[in-house]
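Here is the file coords.cif (mmCIF, C-alpha atoms).
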data_query
#
loop_
_atom_site.label_atom_id
_atom_site.label_comp_id
_atom_site.auth_asym_id
_atom_site.auth_seq_id
_atom_site.Cartn_x
_atom_site.Cartn_y
_atom_site.Cartn_z
CA MET A 1 11.25 -22.81 24.27
CA SER A 2 9.29 -21.44 21.35
CA LYS A 3 7.67 -18.05 21.63
CA TYR A 4 4.36 -18.90 19.96
CA LEU A 5 2.00 -21.84 19.47
CA ASP A 6 0.44 -22.71 16.12
CA PRO A 7 -2.89 -20.86 15.59
CA LYS A 8 -4.25 -23.74 13.48
CA ALA A 9 -4.63 -26.10 16.46
CA ASP A 10 -8.13 -26.57 17.83
CA LEU A 11 -7.26 -25.04 21.21
CA THR A 12 -5.47 -21.96 19.90
CA PHE A 13 -7.88 -21.30 17.03
CA LYS A 14 -10.89 -21.31 19.35
CA LYS A 15 -9.05 -19.23 21.94
CA ILE A 16 -8.45 -16.47 19.37
CA PHE A 17 -11.60 -16.55 17.24
CA GLY A 18 -14.07 -18.23 19.57
CA GLN A 19 -13.49 -15.90 22.54
CA HIS A 20 -12.73 -12.50 20.98
CA LYS A 21 -15.61 -11.08 18.97
CA HIS A 22 -13.64 -8.29 17.32
CA LEU A 23 -11.03 -10.75 16.04
CA VAL A 24 -13.48 -13.17 14.43
CA MET A 25 -15.31 -10.15 12.97
CA SER A 26 -12.04 -8.88 11.50
CA LEU A 27 -11.27 -12.33 10.06
CA LEU A 28 -14.71 -12.70 8.47
CA ASN A 29 -14.68 -9.23 6.92
CA ALA A 30 -11.22 -9.91 5.53
CA LEU A 31 -11.81 -13.34 4.00
CA LEU A 32 -15.48 -13.40 3.00
CA PRO A 33 -16.79 -11.49 -0.03
CA MET A 34 -19.23 -9.25 1.83
CA PRO A 35 -21.60 -7.21 -0.38
CA ASP A 36 -20.81 -3.50 -0.53
CA GLY A 37 -22.19 -1.69 2.48
CA MET A 38 -22.86 -4.96 4.30
CA GLU A 39 -19.61 -5.37 6.23
CA ILE A 40 -19.96 -6.95 9.67
CA LYS A 41 -20.16 -4.30 12.40
CA SER A 42 -20.72 -6.54 15.42
CA VAL A 43 -21.13 -10.24 16.25
CA GLU A 44 -22.67 -12.39 18.93
CA TYR A 45 -21.46 -15.91 19.63
CA MET A 46 -23.95 -18.76 19.35
CA PRO A 47 -23.75 -22.35 20.67
CA THR A 48 -21.35 -24.39 18.54
CA GLU A 49 -23.26 -27.65 19.05
CA ASN A 50 -25.57 -28.29 16.11
CA VAL A 51 -28.21 -30.24 18.05
CA PRO A 52 -30.88 -31.82 15.80
CA ASP A 53 -34.61 -31.41 16.48
CA ASN A 54 -35.00 -35.17 16.09
CA PRO A 55 -32.64 -37.34 18.23
CA ALA A 56 -32.34 -39.78 15.32
CA LYS A 57 -30.71 -37.10 13.16
CA LYS A 58 -27.02 -36.23 12.98
CA TYR A 59 -25.35 -34.22 15.76
CA SER A 60 -22.28 -32.12 14.98
CA ILE A 61 -20.07 -29.42 16.46
CA VAL A 62 -18.51 -26.46 14.64
CA ASP A 63 -15.45 -24.47 15.75
CA VAL A 64 -17.05 -21.01 15.82
CA PHE A 65 -20.65 -19.93 15.19
CA CYS A 66 -21.84 -16.35 15.42
CA THR A 67 -24.44 -13.94 14.09
CA ASP A 68 -23.92 -10.32 13.07
CA ASN A 69 -25.77 -7.00 13.24
CA PHE A 70 -27.74 -7.92 10.07
CA GLY A 71 -28.85 -11.24 11.58
CA ARG A 72 -26.63 -13.21 9.20
CA ASN A 73 -25.10 -16.48 10.42
CA PHE A 74 -21.38 -17.32 10.22
CA ILE A 75 -19.69 -20.67 10.73
CA VAL A 76 -15.89 -20.78 10.93
CA GLU A 77 -14.08 -24.11 10.71
CA MET A 78 -10.38 -24.99 10.86
CA GLN A 79 -9.56 -28.37 9.28
CA SER A 80 -6.05 -29.83 9.48
CA TYR A 81 -6.56 -32.57 6.88
CA TRP A 82 -8.85 -32.86 3.89
CA ASN A 83 -11.37 -35.58 3.23
CA THR A 84 -14.60 -35.72 1.26
CA GLU A 85 -16.65 -35.93 4.45
CA PHE A 86 -15.50 -32.46 5.52
CA PHE A 87 -17.19 -30.86 2.50
CA ALA A 88 -20.40 -32.80 3.15
CA ARG A 89 -20.30 -31.94 6.87
CA THR A 90 -19.79 -28.25 6.04
CA LEU A 91 -22.83 -28.24 3.75
CA PHE A 92 -24.87 -30.17 6.32
CA ASN A 93 -24.08 -27.68 9.10
CA ALA A 94 -24.83 -24.66 6.91
CA ALA A 95 -28.13 -26.12 5.68
CA SER A 96 -29.13 -27.14 9.22
CA ILE A 97 -28.53 -23.63 10.58
CA PHE A 98 -30.40 -22.11 7.64
CA THR A 99 -33.51 -24.26 8.16
CA LYS A 100 -33.51 -24.11 11.98
CA GLN A 101 -34.02 -20.34 11.84
CA LEU A 102 -37.63 -20.81 10.79
CA LYS A 103 -39.79 -20.82 13.91
CA LYS A 104 -43.55 -21.01 14.24
CA GLY A 105 -45.22 -17.90 12.85
CA MET A 106 -42.21 -16.87 10.73
CA SER A 107 -42.24 -16.60 6.94
CA PHE A 108 -39.57 -17.89 4.59
CA GLY A 109 -38.67 -14.29 3.88
CA ASP A 110 -37.42 -14.01 7.46
CA LEU A 111 -34.57 -16.47 6.84
CA LYS A 112 -31.12 -14.87 7.05
CA ASP A 113 -28.02 -15.75 5.05
CA VAL A 114 -25.60 -18.43 6.26
CA TYR A 115 -21.90 -18.09 5.45
CA THR A 116 -19.31 -20.79 6.11
CA LEU A 117 -15.59 -20.05 6.16
CA GLY A 118 -13.57 -23.26 5.96
CA LEU A 119 -9.81 -22.91 6.57
CA ILE A 120 -8.02 -26.06 5.40
CA ASN A 121 -4.40 -26.81 6.28
CA ASP A 122 -3.99 -29.52 3.66
CA LYS A 123 -2.60 -28.98 0.16
CA LYS A 124 -4.55 -31.98 -1.13
CA ALA A 125 -7.84 -30.13 -0.74
CA PHE A 126 -9.55 -29.29 -4.08
CA ASN A 127 -6.76 -30.86 -6.08
CA TYR A 128 -7.42 -29.20 -9.44
CA GLY A 129 -3.78 -29.30 -10.50
CA ASN A 130 -3.07 -25.67 -9.61
CA ASP A 131 -2.29 -23.54 -6.57
CA GLU A 132 -5.64 -21.74 -6.22
CA TYR A 133 -6.11 -21.04 -2.54
CA ILE A 134 -9.78 -19.99 -2.49
CA GLN A 135 -12.78 -22.02 -3.62
CA GLU A 136 -16.23 -20.41 -3.33
CA TYR A 137 -19.61 -22.18 -3.47
CA TYR A 138 -22.94 -20.35 -3.70
CA LEU A 139 -26.54 -20.98 -4.61
CA THR A 140 -26.68 -19.28 -7.98
CA ASN A 141 -28.90 -18.86 -10.99
CA LYS A 142 -26.84 -20.47 -13.76
CA ASN A 143 -28.04 -17.94 -16.33
CA HIS A 144 -27.88 -14.93 -13.99
CA PRO A 145 -24.98 -15.27 -11.52
CA GLU A 146 -25.54 -11.65 -10.47
CA ASP A 147 -28.74 -12.75 -8.68
CA ASP A 148 -28.39 -11.37 -5.13
CA ARG A 149 -29.94 -14.48 -3.59
CA ARG A 150 -26.61 -16.23 -4.09
CA THR A 151 -25.51 -15.42 -0.52
CA GLU A 152 -28.36 -17.28 1.19
CA LEU A 153 -26.13 -20.32 1.58
CA SER A 154 -22.43 -19.63 0.97
CA MET A 155 -19.32 -21.73 1.53
CA VAL A 156 -15.84 -20.25 1.13
CA PHE A 157 -12.86 -22.58 1.53
CA VAL A 158 -9.29 -21.31 1.94
CA VAL A 159 -6.50 -23.83 1.29
CA LEU A 160 -3.83 -22.36 3.56
CA PRO A 161 -0.73 -24.10 2.09
CA ASN A 162 -1.56 -22.60 -1.32
CA PHE A 163 -1.65 -19.02 -0.06
CA LYS A 164 1.04 -16.59 -1.24
CA PRO A 165 0.98 -12.90 -0.19
CA GLN A 166 -1.06 -10.98 -2.74
CA ASN A 167 -0.68 -7.62 -4.46
CA ARG A 168 -1.95 -4.27 -3.18
CA ALA A 169 -5.34 -4.79 -4.84
CA VAL A 170 -6.22 -7.37 -2.18
CA LYS A 171 -7.54 -6.20 1.19
CA LYS A 172 -4.73 -5.56 3.64
CA MET A 173 -6.40 -7.61 6.37
CA HIS A 174 -6.96 -10.47 3.92
CA ASN A 175 -3.21 -10.76 3.52
CA LEU A 176 -2.44 -10.21 7.19
CA TRP A 177 -4.81 -12.85 8.56
CA LEU A 178 -3.62 -15.42 6.05
CA LYS A 179 0.01 -14.57 6.79
CA PHE A 180 -0.81 -15.03 10.47
CA LEU A 181 -2.42 -18.43 9.86
CA THR A 182 0.28 -19.71 7.49
CA GLU A 183 3.51 -18.25 8.88
CA ILE A 184 3.11 -18.51 12.65
CA ASP A 185 3.88 -21.83 14.32
CA GLU A 186 6.00 -23.32 17.10
CA ASN A 187 9.21 -22.47 15.23
CA THR A 188 8.38 -18.77 15.11
CA THR A 189 10.40 -16.57 17.44
CA ASP A 190 10.16 -13.29 15.49
CA ALA A 191 6.85 -12.56 13.80
CA ASP A 192 6.60 -10.53 10.60
CA PRO A 193 6.68 -6.79 11.53
CA GLU A 194 3.44 -6.29 9.57
CA LEU A 195 1.66 -8.67 11.93
CA ILE A 196 3.06 -6.91 14.98
CA GLU A 197 2.15 -3.43 13.73
CA ASN A 198 -1.52 -4.27 13.07
CA LYS A 199 -3.61 -4.16 16.26
CA ASP A 200 -5.75 -7.22 15.44
CA THR A 201 -2.98 -9.59 14.39
CA HIS A 202 -0.75 -8.23 17.18
CA GLU A 203 -3.41 -9.13 19.74
CA ALA A 204 -3.78 -12.57 18.17
CA LEU A 205 -0.02 -13.06 18.43
CA GLU A 206 -0.09 -12.18 22.11
CA LEU A 207 -2.79 -14.80 22.65
CA LEU A 208 -0.44 -17.39 21.11
CA ARG A 209 2.46 -16.82 23.49
CA THR A 210 3.34 -20.07 25.26
CA SER A 211 3.29 -18.20 28.55
CA ALA A 212 -0.46 -17.58 28.09
CA PHE A 213 -1.29 -21.29 28.34
CA THR A 214 -1.66 -23.50 31.39
CA GLU A 215 0.02 -26.88 31.68
CA GLY A 216 -3.31 -28.58 31.02
CA GLU A 217 -3.86 -26.52 27.88
CA MET A 218 -0.38 -27.40 26.64
CA LEU A 219 -1.13 -31.10 27.10
CA ALA A 220 -4.38 -30.67 25.14
CA TYR A 221 -2.47 -28.78 22.44
CA GLU A 222 0.11 -31.56 22.09
CA LYS A 223 -2.61 -34.22 22.02
CA TYR A 224 -4.38 -32.36 19.21
CA TRP A 225 -1.34 -32.51 16.94
CA LEU A 226 -0.76 -36.18 17.81
CA ASP A 227 -4.36 -36.94 16.84
CA VAL A 228 -3.95 -34.98 13.59
CA SER A 229 -0.77 -36.91 12.75
CA THR A 230 -2.48 -40.24 13.45
CA GLU A 231 -5.55 -39.34 11.38
CA ARG A 232 -3.46 -38.01 8.50
CA SER A 233 -1.37 -41.21 8.43
CA ALA A 234 -4.55 -43.29 8.34
CA LEU A 235 -5.92 -41.22 5.45
CA GLU A 236 -2.65 -41.56 3.54
CA ARG A 237 -2.83 -45.35 3.93
CA GLU A 238 -6.42 -45.36 2.72
CA ARG A 239 -5.50 -43.25 -0.31
CA ALA A 240 -2.55 -45.51 -1.15
CA GLU A 241 -4.69 -48.64 -0.76
CA GLY A 242 -7.43 -47.10 -2.89
CA ILE A 243 -4.97 -46.26 -5.67
CA ALA A 244 -3.50 -49.77 -5.56
CA GLU A 245 -6.97 -51.32 -5.72
CA GLY A 246 -7.87 -49.11 -8.68
CA ILE A 247 -4.72 -50.11 -10.59
CA GLN A 248 -5.39 -53.80 -9.90
CA GLN A 249 -9.00 -53.49 -11.05
CA ASN A 250 -7.87 -51.79 -14.28
CA LYS A 251 -5.50 -54.70 -14.94
CA ILE A 252 -8.32 -57.18 -14.37
CA ASN A 253 -10.70 -55.28 -16.66
CA THR A 254 -8.05 -55.10 -19.40
CA ALA A 255 -7.24 -58.80 -19.06
CA ARG A 256 -10.91 -59.76 -19.16
CA MET A 257 -11.46 -57.71 -22.33
CA MET A 258 -8.35 -59.16 -24.03
CA LYS A 259 -9.40 -62.70 -23.04
CA GLN A 260 -12.87 -62.14 -24.55
CA HIS A 261 -11.16 -61.11 -27.79
CA GLY A 262 -9.22 -64.37 -27.85
CA ASP A 263 -5.75 -63.01 -27.08
CA ASP A 264 -3.10 -65.46 -25.91
CA ILE A 265 -2.92 -65.95 -22.11
CA GLY A 266 0.84 -65.40 -22.07
CA TYR A 267 0.47 -62.19 -24.05
CA ILE A 268 -2.25 -60.94 -21.69
CA ALA A 269 -0.01 -61.70 -18.71
CA ALA A 270 2.87 -59.75 -20.27
CA ILE A 271 0.65 -56.74 -20.94
CA THR A 272 -1.23 -56.61 -17.63
CA GLY A 273 1.29 -58.03 -15.16
CA LEU A 274 -1.28 -60.59 -13.92
CA THR A 275 -0.34 -64.23 -13.53
CA THR A 276 -1.64 -66.83 -15.95
CA GLU A 277 -3.59 -68.40 -13.08
CA GLN A 278 -5.33 -65.06 -12.36
CA ILE A 279 -6.20 -64.61 -16.02
CA GLN A 280 -7.56 -68.16 -16.38
CA GLU A 281 -9.90 -67.55 -13.45
CA LEU A 282 -11.49 -64.49 -15.11
#

For the file at hand, write its structure as structure tokens.
Amino acid sequence: MSKYLDPKADLTFKKIFGQHKHLVMSLLNALLPMPDGMEIKSVEYMPTENVPDNPAKKYSIVDVFCTDNFGRNFIVEMQSYWNTEFFARTLFNAASIFTKQLKKGMSFGDLKDVYTLGLINDKKAFNYGNDEYIQEYYLTNKNHPEDDRRTELSMVFVVLPNFKPQNRAVKKMHNLWLKFLTEIDENTTDADPELIENKDTHEALELLRTSAFTEGEMLAYEKYWLDVSTERSALERERAEGIAEGIQQNKINTARMMKQHGDDIGYIAAITGLTTEQIQEL
């Protein structure tokens, strides 16, 4: 039997960061670019259901939602597979929380910053052809990026499979939390000594021990990974079908253009791979 469970599962992630304030505070301070002197000192959990004011509007749930001693809002999401809807959903949740702060009698100046930390366990996320593991989105003034209003609505995405331990210039806890999230899984029997020696990651490791979970929780844990596998397979099929459709459409467009220029049908078929019947129908 394995010693630990994977912290990236819905059940384990919420057990660690959705039930232990000091651990989510440590994670946020480590991974978000907090302004100098504005580190999080305390947090309070808020309801994770983003219930709309109008029943006709979209309802959503986030993994962890909390506020800090400055009144700032923090959303933490773990995503096991990447799709374009996740980015849109992240922006929707952040914008909804930002606007719902404004109650009757308040001024716009009372609105507090909203930070989203998206942890993505999918190498296909933000496929820019490199191994960058952090992508940051802010509201900025294009001509003056130093404008301090940039944090009003912030989204920081961490692509976990791209992470490699960094040099000493990076915050120690930044490295430790990402090592925890990327190195610990069901095959782990001996955790990295660095993770054991640090009080926060050590506590998180203890929360992952298989002995700390009930039979019902273990069933929920297994079901989560089955659902992830099913969803990922479906997405892979959609991607493959989309690529195939794109290739076919390019062939059709090329054949149509060549036909309009009077090229021989047999020559067009040899170039595009379409049948003569398909080309004649264009």

To verify the selection step, state as an NGL selection string which residues the PyMOL selection byres ((chain A and resi 254) around 12) yields on this input.
:A and (247-253 or 255-261 or 263 or 268-274 or 279 or 282)

Under the PyMOL selection byres ((chain A and resi 62) around 12), which residues of this model are included? Write them out as a ChimeraX atom specification.
/A:10,14,18,46-51,59-61,63-66,74-79,86,89-94,96-97,116-118

Set the distance at 8 Å and use all atoms listed in the file: which residues neighbour Phe163 in chain A once local chain neighbours fewer than 5 positions away are removed? I'd like the list as a ChimeraX atom specification.
/A:131-133,178,182

Tell me which of A:Lys100, A:Asn29, A:Ala88, A:Val43 sits closest to Lys172 in chain A, counting all atoms listed in the file.
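With all atoms listed in the file as the atom set, the closest residue is A:Asn29.
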
Counting all atoms listed in the file, which residue out of A:Val228, A:Leu176, A:Met106, A:Ile134 sits closest to Trp82 in chain A?
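Counting all atoms listed in the file, the residue closest to Trp82 in chain A is A:Val228.
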
What lies within 12 Å of Lys21 in chain A using all atoms listed in the file, ignoring chain neighbours under 4 positions off, as a PyMOL selection string?
chain A and resi 14-17+25-28+40-46+64-68+200+204

Evaluate the PyMOL selection byres ((chain A and resi 191-193) around 10) against this structure - the residues, as JSON, numbers by chain, please.
{"A": [3, 4, 176, 179, 180, 183, 184, 185, 188, 189, 190, 194, 195, 196, 197, 198, 202, 205]}

Find the distance between CA of Glu222 in chain A and CA of Glu186 in chain A and write it in Å to one decimal.
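So the answer is 11.3 Å.
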
Using all atoms listed in the file, which of A:Arg237, A:Lys164, A:Arg209, A:Lys223 sits nearest Asp6 in chain A?
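Under the stated criterion, the closest residue is A:Arg209.
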
Could you list, as a PyMOL selection string, every residue within 7 Å of Val114 in chain A, counting all atoms listed in the file and ignoring same-chain residues fewer than 4 positions away?
chain A and resi 72-74+94+98+152-154

Which residue gives the smallest distance to Glu136 in chain A among A:Leu181, A:Asp110, A:Pro165, A:Met155, with all atoms listed in the file counted?
A:Met155

Work out how far apart CA of Tyr138 in chain A and CA of Tyr115 in chain A are and give it in Å to one decimal.
9.5 Å
